[in-house]
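Printed here is entry.txt (compact mmCIF, C-alpha atoms and all ligand atoms):
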```
# COMPACT_ATOMS: atom_id res chain seq x y z
CA MET A 195 28.57 38.35 -49.51
CA ASP A 196 27.13 35.82 -47.07
CA VAL A 197 23.56 35.42 -45.95
CA ILE A 198 24.30 35.17 -42.24
CA SER A 199 25.79 38.68 -42.16
CA VAL A 200 22.70 40.00 -44.00
CA ILE A 201 20.39 38.37 -41.43
CA ARG A 202 22.54 39.66 -38.54
CA THR A 203 22.44 43.23 -39.91
CA LYS A 204 18.64 43.29 -39.80
CA ARG A 205 18.40 41.27 -36.59
CA ASP A 206 20.55 43.96 -34.92
CA LYS A 207 18.31 46.76 -36.31
CA GLY A 208 20.85 47.89 -38.91
CA GLU A 209 20.22 49.24 -42.42
CA LEU A 210 20.73 46.75 -45.28
CA SER A 211 23.08 48.10 -47.95
CA PRO A 212 21.98 48.17 -51.62
CA GLU A 213 24.57 45.46 -52.35
CA GLN A 214 23.23 43.22 -49.56
CA ILE A 215 19.65 43.61 -50.83
CA ASP A 216 20.50 42.96 -54.50
CA TRP A 217 22.54 39.94 -53.57
CA VAL A 218 20.08 38.32 -51.14
CA ILE A 219 17.08 38.65 -53.51
CA ASP A 220 19.05 37.28 -56.45
CA ALA A 221 20.61 34.45 -54.43
CA TYR A 222 17.21 33.47 -52.95
CA THR A 223 15.60 33.41 -56.41
CA ARG A 224 18.41 31.16 -57.68
CA GLY A 225 18.10 28.83 -54.67
CA GLU A 226 21.51 29.70 -53.17
CA VAL A 227 19.88 31.22 -50.08
CA ALA A 228 17.71 28.57 -48.40
CA ASP A 229 14.07 29.01 -47.33
CA GLU A 230 15.00 28.84 -43.63
CA GLN A 231 17.54 31.67 -44.09
CA MET A 232 15.05 33.85 -45.98
CA SER A 233 12.45 33.09 -43.27
CA ALA A 234 14.84 34.42 -40.62
CA LEU A 235 15.47 37.57 -42.66
CA ALA A 236 11.74 38.10 -43.31
CA MET A 237 11.05 37.79 -39.56
CA ALA A 238 13.86 40.27 -38.78
CA ILE A 239 12.29 42.69 -41.29
CA LEU A 240 8.84 42.17 -39.76
CA LEU A 241 10.21 42.94 -36.29
CA ASN A 242 12.68 45.74 -37.13
CA GLY A 243 11.28 47.31 -40.33
CA MET A 244 13.05 48.84 -43.31
CA ASN A 245 13.54 52.51 -44.20
CA ARG A 246 12.32 54.07 -47.45
CA ALA A 247 15.65 53.56 -49.26
CA GLU A 248 15.78 49.88 -48.26
CA ILE A 249 12.17 49.29 -49.37
CA ALA A 250 12.82 50.98 -52.73
CA ARG A 251 15.92 48.86 -53.33
CA TRP A 252 14.17 45.65 -52.20
CA THR A 253 11.33 46.40 -54.65
CA ALA A 254 13.78 47.15 -57.49
CA ALA A 255 15.64 43.90 -56.82
CA MET A 256 12.37 41.90 -57.00
CA ILE A 257 11.44 43.62 -60.28
CA ALA A 258 14.91 42.79 -61.65
CA SER A 259 14.38 39.09 -60.79
CA GLY A 260 12.06 38.70 -63.80
CA GLU A 261 10.70 40.23 -66.99
CA ARG A 262 9.05 43.64 -67.43
CA MET A 263 6.02 44.04 -69.65
CA ASN A 264 5.50 46.95 -71.99
CA PHE A 265 2.24 48.43 -73.23
CA ASP A 266 3.76 51.23 -75.32
CA SER A 267 2.25 49.73 -78.49
CA LEU A 268 -1.31 50.47 -77.28
CA SER A 269 -3.09 53.58 -78.53
CA ARG A 270 -4.78 54.23 -75.15
CA PRO A 271 -3.20 55.17 -71.78
CA THR A 272 -3.05 52.26 -69.33
CA ALA A 273 -4.65 52.30 -65.88
CA ASP A 274 -4.59 49.53 -63.31
CA LYS A 275 -6.11 48.95 -59.89
CA HIS A 276 -4.86 46.77 -57.07
CA SER A 277 -6.77 45.86 -53.93
CA THR A 278 -5.00 44.64 -50.82
CA GLY A 279 -7.81 42.08 -50.51
CA GLY A 280 -11.09 41.79 -48.67
CA VAL A 281 -14.30 39.81 -48.30
CA GLY A 282 -16.81 40.15 -51.15
CA ASP A 283 -14.31 42.31 -53.05
CA LYS A 284 -15.52 41.72 -56.59
CA ILE A 285 -14.80 45.30 -57.69
CA THR A 286 -12.28 44.36 -60.42
CA LEU A 287 -15.07 42.60 -62.35
CA PRO A 288 -17.26 45.64 -63.07
CA LEU A 289 -14.37 48.15 -62.79
CA ALA A 290 -12.06 46.89 -65.57
CA PRO A 291 -14.74 46.99 -68.32
CA LEU A 292 -16.12 50.27 -66.96
CA VAL A 293 -12.76 52.07 -67.16
CA ALA A 294 -12.15 50.56 -70.61
CA ALA A 295 -15.56 51.85 -71.73
CA CYS A 296 -14.40 55.33 -70.66
CA GLY A 297 -11.26 55.22 -72.84
CA ALA A 298 -8.35 53.67 -70.87
CA ALA A 299 -6.68 50.29 -71.44
CA VAL A 300 -6.96 48.14 -68.29
CA PRO A 301 -4.43 45.29 -67.87
CA GLN A 302 -5.51 43.48 -64.67
CA LEU A 303 -3.07 40.79 -63.68
CA SER A 304 -4.93 39.10 -60.87
CA GLY A 305 -4.49 36.30 -58.38
CA ARG A 306 -6.29 33.42 -56.76
CA GLY A 307 -7.70 33.43 -53.26
CA LEU A 308 -5.75 32.15 -50.31
CA GLY A 309 -7.31 32.09 -46.84
CA HIS A 310 -10.43 34.14 -46.13
CA THR A 311 -10.13 36.64 -49.03
CA GLY A 312 -11.39 35.58 -52.45
CA GLY A 313 -9.39 35.70 -55.68
CA THR A 314 -10.54 37.44 -58.86
CA LEU A 315 -9.45 34.53 -61.08
CA ASP A 316 -11.42 32.00 -59.01
CA LYS A 317 -14.51 34.19 -59.39
CA LEU A 318 -14.19 34.51 -63.17
CA GLU A 319 -13.47 30.80 -63.57
CA SER A 320 -17.06 30.13 -62.49
CA ILE A 321 -18.07 31.43 -65.96
CA PRO A 322 -18.18 28.34 -68.22
CA GLY A 323 -15.25 28.31 -70.68
CA TRP A 324 -13.39 31.36 -69.29
CA ARG A 325 -9.58 31.02 -69.30
CA ALA A 326 -7.27 32.80 -66.82
CA LEU A 327 -4.01 31.67 -68.40
CA LEU A 328 -3.03 33.74 -71.44
CA SER A 329 0.32 34.13 -73.19
CA ASN A 330 1.74 37.68 -73.26
CA GLU A 331 0.65 37.95 -76.93
CA GLU A 332 -2.92 36.80 -76.17
CA MET A 333 -3.11 39.24 -73.27
CA LEU A 334 -2.03 42.16 -75.47
CA HIS A 335 -4.51 41.09 -78.14
CA VAL A 336 -7.48 40.99 -75.71
CA LEU A 337 -6.40 44.35 -74.24
CA ASP A 338 -6.04 45.93 -77.66
CA THR A 339 -9.33 44.65 -79.04
CA THR A 340 -11.63 44.99 -76.00
CA GLY A 341 -9.87 47.62 -73.84
CA ALA A 342 -9.59 45.36 -70.77
CA VAL A 343 -8.11 42.03 -69.80
CA ILE A 344 -8.18 40.17 -66.48
CA CYS A 345 -5.76 37.25 -66.40
CA ALA A 346 -3.16 35.41 -64.32
CA ALA A 347 0.26 37.01 -63.93
CA GLY A 348 2.80 34.92 -65.88
CA ASP A 349 5.58 33.08 -64.04
CA GLY A 350 8.15 35.49 -65.47
CA LEU A 351 6.86 38.52 -63.54
CA ALA A 352 8.76 39.18 -60.27
CA PRO A 353 9.58 35.48 -59.58
CA ALA A 354 11.40 36.52 -56.38
CA ASP A 355 8.09 37.75 -55.00
CA LYS A 356 6.26 34.50 -55.93
CA LYS A 357 8.79 32.50 -53.94
CA LEU A 358 8.98 34.94 -51.04
CA TYR A 359 5.20 35.41 -50.77
CA ALA A 360 4.65 31.63 -50.54
CA LEU A 361 7.31 31.50 -47.81
CA ARG A 362 5.84 34.44 -45.87
CA ASP A 363 2.44 32.77 -46.00
CA VAL A 364 3.73 29.80 -43.96
CA THR A 365 6.11 31.65 -41.62
CA GLY A 366 3.86 34.30 -40.05
CA THR A 367 5.60 37.11 -41.95
CA VAL A 368 2.85 38.32 -44.29
CA GLU A 369 1.85 41.30 -42.13
CA ALA A 370 5.05 43.37 -42.51
CA ILE A 371 4.34 46.70 -44.21
CA PRO A 372 7.72 46.87 -46.07
CA LEU A 373 7.19 43.31 -47.37
CA ILE A 374 3.55 43.84 -48.40
CA ALA A 375 4.38 47.15 -50.12
CA SER A 376 7.37 45.76 -52.03
CA SER A 377 5.47 42.58 -52.95
CA ILE A 378 2.52 44.43 -54.46
CA MET A 379 4.50 47.23 -56.10
CA SER A 380 7.18 44.98 -57.64
CA LYS A 381 4.44 43.14 -59.58
CA LYS A 382 2.61 46.33 -60.56
CA ILE A 383 5.75 48.15 -61.73
CA ALA A 384 7.02 45.07 -63.62
CA GLU A 385 3.61 44.81 -65.28
CA GLY A 386 4.30 48.16 -66.95
CA THR A 387 1.12 50.11 -66.21
CA GLY A 388 1.32 53.90 -66.66
CA SER A 389 -0.94 54.65 -63.70
CA LEU A 390 -2.15 52.74 -60.69
CA VAL A 391 -4.94 53.17 -58.15
CA LEU A 392 -4.52 51.23 -54.91
CA ASP A 393 -7.55 50.13 -52.91
CA VAL A 394 -6.13 49.70 -49.41
CA LYS A 395 -8.70 47.88 -47.31
CA VAL A 396 -9.12 48.67 -43.61
CA GLY A 397 -11.02 46.60 -41.06
CA THR A 398 -11.50 43.11 -39.69
CA GLY A 399 -11.69 41.52 -43.15
CA ALA A 400 -8.42 43.14 -44.33
CA PHE A 401 -4.68 42.72 -43.65
CA MET A 402 -4.67 46.20 -42.13
CA LYS A 403 -7.02 46.22 -39.14
CA ASN A 404 -6.61 49.91 -38.27
CA ILE A 405 -6.49 53.09 -40.31
CA GLU A 406 -3.01 54.22 -39.14
CA ASP A 407 -1.36 51.00 -40.44
CA ALA A 408 -3.37 51.30 -43.65
CA ARG A 409 -2.18 54.90 -44.12
CA GLU A 410 1.43 53.85 -43.63
CA LEU A 411 1.06 51.01 -46.17
CA ALA A 412 -0.66 53.37 -48.63
CA ARG A 413 2.01 56.08 -48.25
CA THR A 414 4.79 53.52 -48.74
CA MET A 415 3.21 52.12 -51.91
CA VAL A 416 2.35 55.54 -53.36
CA GLY A 417 6.00 56.59 -52.75
CA LEU A 418 7.33 53.45 -54.49
CA GLY A 419 5.06 53.93 -57.51
CA THR A 420 5.72 57.64 -57.87
CA ASP A 421 9.50 57.16 -57.58
CA SER A 422 9.28 54.61 -60.44
CA GLY A 423 7.38 56.96 -62.74
CA VAL A 424 3.97 55.29 -62.24
CA LYS A 425 1.26 57.82 -61.33
CA THR A 426 -0.05 56.23 -58.12
CA VAL A 427 -2.99 57.14 -55.88
CA ALA A 428 -4.47 55.17 -52.94
CA LEU A 429 -7.99 55.08 -51.54
CA LEU A 430 -8.42 53.68 -48.03
CA THR A 431 -11.73 51.81 -48.03
CA ASP A 432 -13.88 50.12 -45.42
CA MET A 433 -13.58 46.37 -44.90
CA ALA A 434 -15.31 46.05 -41.51
CA THR A 435 -18.24 44.44 -43.31
CA PRO A 436 -18.27 42.51 -46.62
CA LEU A 437 -18.61 44.49 -49.84
CA GLY A 438 -22.02 44.06 -51.40
CA LEU A 439 -24.33 41.18 -50.54
CA THR A 440 -22.23 38.18 -51.63
CA ALA A 441 -18.95 36.44 -50.79
CA GLY A 442 -18.15 33.46 -53.01
CA ASN A 443 -17.13 32.92 -56.61
CA ALA A 444 -20.25 32.56 -58.82
CA LEU A 445 -22.31 34.56 -56.30
CA GLU A 446 -19.96 37.52 -56.78
CA VAL A 447 -19.97 37.22 -60.59
CA ARG A 448 -23.78 37.38 -60.50
CA GLU A 449 -23.65 40.53 -58.35
CA SER A 450 -21.03 42.13 -60.62
CA VAL A 451 -23.23 41.53 -63.66
CA GLU A 452 -26.10 43.23 -61.78
CA VAL A 453 -23.84 46.27 -61.28
CA LEU A 454 -22.91 46.27 -64.97
CA ALA A 455 -26.63 46.12 -65.78
CA GLY A 456 -27.16 49.36 -63.85
CA GLY A 457 -28.33 47.79 -60.53
CA GLY A 458 -26.49 46.05 -57.69
CA PRO A 459 -25.75 47.04 -54.08
CA LYS A 460 -24.97 50.72 -53.43
CA ASP A 461 -21.58 50.17 -51.75
CA VAL A 462 -20.32 48.13 -54.74
CA VAL A 463 -21.60 50.74 -57.22
CA ASP A 464 -20.18 53.67 -55.21
CA LEU A 465 -16.73 52.09 -54.82
CA THR A 466 -16.62 51.00 -58.48
CA VAL A 467 -17.43 54.53 -59.64
CA ALA A 468 -14.99 56.17 -57.15
CA LEU A 469 -12.11 53.90 -58.24
CA ALA A 470 -12.99 54.37 -61.93
CA ALA A 471 -12.89 58.18 -61.51
CA GLU A 472 -9.43 57.92 -59.86
CA MET A 473 -8.10 55.58 -62.56
CA LEU A 474 -9.33 57.81 -65.38
CA ALA A 475 -7.87 60.94 -63.74
CA ALA A 476 -4.54 59.16 -63.14
CA ALA A 477 -4.49 58.06 -66.81
CA GLY A 478 -5.11 61.68 -67.88
CA ILE A 479 -8.59 61.00 -69.33
CA LYS A 480 -10.82 63.98 -68.71
CA ASP A 481 -14.57 64.42 -69.24
CA ALA A 482 -15.39 60.70 -68.84
CA ASP A 483 -18.49 59.86 -66.81
CA PRO A 484 -18.19 56.38 -65.25
CA ALA A 485 -21.65 56.51 -63.63
CA LYS A 486 -23.17 57.12 -67.08
CA ALA A 487 -21.11 54.30 -68.66
CA LEU A 488 -22.57 51.90 -66.06
CA ALA A 489 -26.12 53.15 -66.59
CA ASP A 490 -26.09 53.25 -70.42
CA GLY A 491 -24.76 49.68 -70.92
CA SER A 492 -21.39 50.62 -72.48
CA ALA A 493 -19.47 48.98 -69.59
CA MET A 494 -21.63 45.85 -70.01
CA ASP A 495 -20.73 45.73 -73.72
CA VAL A 496 -17.00 45.70 -72.85
CA TRP A 497 -17.59 43.03 -70.18
CA ARG A 498 -19.31 40.73 -72.71
CA ARG A 499 -16.54 41.19 -75.28
CA MET A 500 -13.80 40.72 -72.65
CA ILE A 501 -15.35 37.49 -71.27
CA ALA A 502 -15.92 36.09 -74.79
CA ALA A 503 -12.34 36.99 -75.87
CA GLN A 504 -11.07 34.71 -73.07
CA GLY A 505 -13.30 31.77 -74.08
CA GLY A 506 -16.15 32.50 -71.64
CA ASP A 507 -19.85 32.53 -72.45
CA PRO A 508 -21.31 35.76 -71.00
CA ASP A 509 -24.85 34.32 -71.38
CA ALA A 510 -24.14 30.97 -69.67
CA THR A 511 -26.04 30.09 -66.50
CA LEU A 512 -23.71 30.42 -63.52
CA PRO A 513 -23.17 27.43 -61.21
CA VAL A 514 -25.41 27.23 -58.14
CA ALA A 515 -24.42 25.25 -55.03
CA ARG A 516 -26.44 22.08 -54.41
CA GLU A 517 -27.37 22.91 -50.79
CA GLN A 518 -28.44 26.01 -48.86
CA HIS A 519 -28.76 26.78 -45.15
CA VAL A 520 -30.51 29.93 -43.90
CA VAL A 521 -29.31 31.75 -40.76
CA THR A 522 -32.03 33.92 -39.22
CA ALA A 523 -31.91 37.11 -37.13
CA PRO A 524 -32.19 36.22 -33.41
CA SER A 525 -33.94 39.51 -32.49
CA THR A 526 -35.65 42.57 -33.93
CA GLY A 527 -33.68 45.82 -34.19
CA VAL A 528 -31.00 47.70 -36.09
CA LEU A 529 -28.06 45.70 -37.45
CA THR A 530 -24.99 47.64 -36.29
CA ARG A 531 -22.20 45.17 -37.13
CA LEU A 532 -21.75 42.28 -39.58
CA ASP A 533 -18.17 41.11 -39.40
CA ALA A 534 -16.25 40.77 -42.67
CA TYR A 535 -13.63 38.37 -41.33
CA ASP A 536 -16.16 35.87 -39.93
CA ILE A 537 -18.15 35.90 -43.18
CA GLY A 538 -14.94 35.41 -45.17
CA ILE A 539 -14.00 32.42 -43.02
CA ALA A 540 -17.51 30.94 -43.39
CA ALA A 541 -17.39 31.31 -47.21
CA TRP A 542 -13.96 29.70 -47.22
CA ARG A 543 -15.10 26.79 -45.04
CA LEU A 544 -18.12 26.25 -47.30
CA GLY A 545 -15.70 25.62 -50.18
CA ALA A 546 -15.34 29.05 -51.84
CA GLY A 547 -11.66 29.34 -50.87
CA ARG A 548 -8.63 27.11 -50.52
CA ALA A 549 -6.23 26.23 -47.70
CA ARG A 550 -3.35 25.25 -50.01
CA LYS A 551 -2.67 26.79 -53.37
CA GLU A 552 -3.30 23.54 -55.26
CA ASP A 553 -6.76 22.97 -53.66
CA PRO A 554 -9.87 23.20 -55.92
CA VAL A 555 -12.63 25.71 -55.11
CA GLN A 556 -16.39 25.24 -55.42
CA ALA A 557 -17.84 27.73 -57.91
CA GLY A 558 -21.25 27.95 -56.21
CA ALA A 559 -20.14 28.02 -52.55
CA GLY A 560 -20.27 31.13 -50.37
CA VAL A 561 -22.41 33.39 -48.23
CA GLU A 562 -25.27 35.62 -49.29
CA LEU A 563 -26.18 38.56 -47.03
CA HIS A 564 -29.81 39.64 -46.61
CA ALA A 565 -29.06 42.75 -44.53
CA LYS A 566 -26.20 45.22 -44.06
CA PRO A 567 -25.24 47.41 -41.09
CA GLY A 568 -27.82 50.20 -40.78
CA ASP A 569 -30.74 47.97 -41.88
CA THR A 570 -33.62 47.12 -39.56
CA VAL A 571 -34.12 43.36 -39.14
CA THR A 572 -36.99 41.35 -37.66
CA ALA A 573 -36.51 38.28 -35.43
CA GLY A 574 -36.69 35.14 -37.59
CA GLN A 575 -36.02 36.85 -40.93
CA PRO A 576 -33.17 35.46 -43.05
CA LEU A 577 -29.88 37.21 -42.25
CA LEU A 578 -27.49 35.01 -44.25
CA THR A 579 -27.82 32.12 -46.69
CA LEU A 580 -24.91 29.68 -46.74
CA HIS A 581 -24.27 27.86 -50.05
CA THR A 582 -22.21 24.69 -50.58
CA ASP A 583 -22.08 21.44 -52.58
CA THR A 584 -20.89 19.63 -49.45
CA PRO A 585 -23.56 20.06 -46.69
CA GLU A 586 -21.34 18.37 -44.10
CA LYS A 587 -19.48 21.71 -44.11
CA PHE A 588 -22.44 23.70 -42.73
CA ASP A 589 -21.57 22.97 -39.07
CA TYR A 590 -17.94 23.95 -39.56
CA ALA A 591 -18.96 27.20 -41.31
CA LEU A 592 -21.55 28.00 -38.61
CA LYS A 593 -18.81 27.75 -35.95
CA SER A 594 -17.21 30.87 -37.47
CA LEU A 595 -20.51 32.79 -37.18
CA THR A 596 -21.05 32.78 -33.40
CA ALA A 597 -20.16 36.46 -32.73
CA THR A 598 -20.57 37.94 -36.19
CA TRP A 599 -23.32 40.53 -35.75
CA ASP A 600 -24.74 43.06 -33.28
CA ILE A 601 -28.41 44.00 -33.33
CA ALA A 602 -29.30 47.15 -31.33
CA ALA A 603 -32.75 48.09 -30.00
CA PRO A 604 -35.32 49.08 -32.64
CA GLY A 605 -35.03 52.78 -33.53
CA THR A 606 -31.35 53.08 -32.52
CA GLU A 607 -29.61 55.80 -34.53
CA PHE A 608 -26.75 54.23 -36.50
CA THR A 609 -24.69 55.55 -39.41
CA PRO A 610 -22.63 52.94 -41.28
CA ASN A 611 -19.01 53.78 -42.17
CA PRO A 612 -18.55 55.59 -45.48
CA ILE A 613 -17.04 53.27 -48.09
CA VAL A 614 -14.08 55.59 -48.86
CA LEU A 615 -12.27 56.53 -45.64
CA ASP A 616 -9.27 58.50 -46.96
CA ARG A 617 -7.24 59.29 -50.09
CA ILE A 618 -3.43 59.35 -50.28
CA ALA A 619 -1.65 60.78 -53.34
N1 LIG B 1 -0.77 40.89 -51.79
C1 LIG B 1 0.45 40.72 -52.34
O1 LIG B 1 0.59 40.62 -53.56
N2 LIG B 1 1.52 40.67 -51.52
C2 LIG B 1 1.43 40.80 -50.18
O2 LIG B 1 2.43 40.76 -49.51
C3 LIG B 1 0.15 40.97 -49.62
C4 LIG B 1 -0.94 41.02 -50.46
```
Would you give me this structure, written as structure tokens?
Ligand code: URA
Amino acid sequence: MDVISVIRTKRDKGELSPEQIDWVIDAYTRGEVADEQMSALAMAILLNGMNRAEIARWTAAMIASGERMNFDSLSRPTADKHSTGGVGDKITLPLAPLVAACGAAVPQLSGRGLGHTGGTLDKLESIPGWRALLSNEEMLHVLDTTGAVICAAGDGLAPADKKLYALRDVTGTVEAIPLIASSIMSKKIAEGTGSLVLDVKVGTGAFMKNIEDARELARTMVGLGTDSGVKTVALLTDMATPLGLTAGNALEVRESVEVLAGGGPKDVVDLTVALAAEMLAAAGIKDADPAKALADGSAMDVWRRMIAAQGGDPDATLPVAREQHVVTAPSTGVLTRLDAYDIGIAAWRLGAGRARKEDPVQAGAGVELHAKPGDTVTAGQPLLTLHTDTPEKFDYALKSLTATWDIAAPGTEFTPNPIVLDRIA
């Protein structure tokens, strides 16, 4: 087998054979295929696509590049959720303890933020003492004793994807549906969950900007999961505007705790409850009532135990950025658009995100929203508050907020998008 013939096959719009796929993934993981050769192949896949059989084989080869976890020893059924990433997407934080409070075991192997979307681990690391890195034994122990664990995926899980994802990130080849689907599903299948709910984000703040691409990605991932024996369902959800009223690490933890305390913004509560209901149904748990488990404090109890089991202090004061800058509404009227991508970029520039994977993040940095599409605003009222420890970043962040909102005449009829746009099973 030689790599040039594999690249040529895809360059010329051919179908990769199972042997070619197994070989190229294994040889790339071992370092025999060079980054520049894999870049060429990834670009050929982005341009010419892969069929369902090729995607399934590519996913299987990435799973086979590392270890597979096993949760058979647990007494509860496992349920996991994966989001394709968005701005203000803190849903994993209230969702994992909520689903655990309703009877499932929730192993959430999560990532860090890169670019304008935040990472769950960065958010939780703003809680003093909390540790993302657990051994497999520690992870199983936290899962067994509290019902939920949110931690970093170990290096042994789908190492081919770790290498390939880092390469795609710097070669303009992230946005290929076969590569996104196989990347996400290889990690989820290797993780060993029994059921999986996918939150496929659609809109300016997401990878998928339009609903047709999001449907294709969702169908591809649901097919991969189902074919591997993982009960998989996808919700397509709105990411035209940020979720909730915060984007930034500690800001989002604070909002998640409000949701667990029975309050919080309606879109965050609605999506958390909708995803919890799907996860519980996929895990075969009937008669659970996630809305009640949020209201009666049982989800909060699991959250406190889960945070403490990973060294965190659930009662600690969360970090607050040293400096704030308020952006006001330029006119009076109905807010009809508040762009998720621009807000994500502003939060990132303020220090909430990183440009390279080794960069530190500021726990307190980010953007707080004072209005959402559909709200009436008055000229001069606060629209956004920017938070950072490094005030010299305000100007840079403000440059990303020049065309971020539309305000229509007072009294304009406007119905915001529903949070759940479609369901694919
Ligand atoms: N998340 C992943 O894990 N992989 C992708 O390719 C895109 C998003």
Please compute the atom CA of Thr365 of chain A-atom O2 of ligand LIG 1 (chain B) distance, one decimal, in Å. 12.6 Å
Counting all atoms listed in the file, what are the residues of chain A within 9 Å of ligand LIG 1 (chain B), and for each of them which pair of atoms is the nearest and at what distance in Å, to one decimal? Sort the table by chain and rising number, as a Markdown table.
```
| residue | atom | partner | partner_atom | distance |
| --- | --- | --- | --- | --- |
| A:His276 | CA | B:LIG1 | N1 | 8.9 |
| A:Ser277 | CA | B:LIG1 | N1 | 8.1 |
| A:Thr278 | CA | B:LIG1 | C4 | 5.5 |
| A:Gly279 | CA | B:LIG1 | C4 | 7.0 |
| A:Gly305 | CA | B:LIG1 | O1 | 8.2 |
| A:Asp355 | CA | B:LIG1 | N2 | 8.0 |
| A:Lys356 | CA | B:LIG1 | O1 | 8.7 |
| A:Leu358 | CA | B:LIG1 | O2 | 8.9 |
| A:Tyr359 | CA | B:LIG1 | O2 | 6.2 |
| A:Arg362 | CA | B:LIG1 | O2 | 8.1 |
| A:Asp363 | CA | B:LIG1 | O2 | 8.7 |
| A:Thr367 | CA | B:LIG1 | O2 | 9.0 |
| A:Val368 | CA | B:LIG1 | O2 | 5.8 |
| A:Glu369 | CA | B:LIG1 | O2 | 7.4 |
| A:Ala370 | CA | B:LIG1 | O2 | 7.9 |
| A:Ile371 | CA | B:LIG1 | O2 | 8.2 |
| A:Pro372 | CA | B:LIG1 | O2 | 8.8 |
| A:Leu373 | CA | B:LIG1 | O2 | 5.8 |
| A:Ile374 | CA | B:LIG1 | O2 | 3.5 |
| A:Ala375 | CA | B:LIG1 | O2 | 6.7 |
| A:Ser376 | CA | B:LIG1 | O2 | 7.5 |
| A:Ser377 | CA | B:LIG1 | N2 | 4.6 |
| A:Ile378 | CA | B:LIG1 | O1 | 4.4 |
| A:Met379 | CA | B:LIG1 | O1 | 8.1 |
| A:Ser380 | CA | B:LIG1 | O1 | 8.9 |
| A:Lys381 | CA | B:LIG1 | O1 | 7.6 |
| A:Phe401 | CA | B:LIG1 | C3 | 7.9 |
```
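Between Arg224 of chain A and the residues A:Gly442, A:Pro353, A:Gly505, A:Pro436, the shortest atom-to-atom distance, using only C-alpha atoms, involves A:Pro353.
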Nearest to Ile321 of chain A: which of A:Arg246, A:Lys207, A:Lys480, A:Arg498 is it, counting only C-alpha atoms? A:Arg498
Taking into account only C-alpha atoms, which residue in the set A:Lys425, A:Gly282, A:Ala482, A:Thr572 is nearest to Thr526 of chain A?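 Closest candidate: A:Thr572.
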What gap, in Å, lies between atom CA of Asp600 of chain A and atom CA of Val528 of chain A?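 Taking atom CA of Asp600 of chain A as the start and atom CA of Val528 of chain A as the end point, the length is 8.3 Å.
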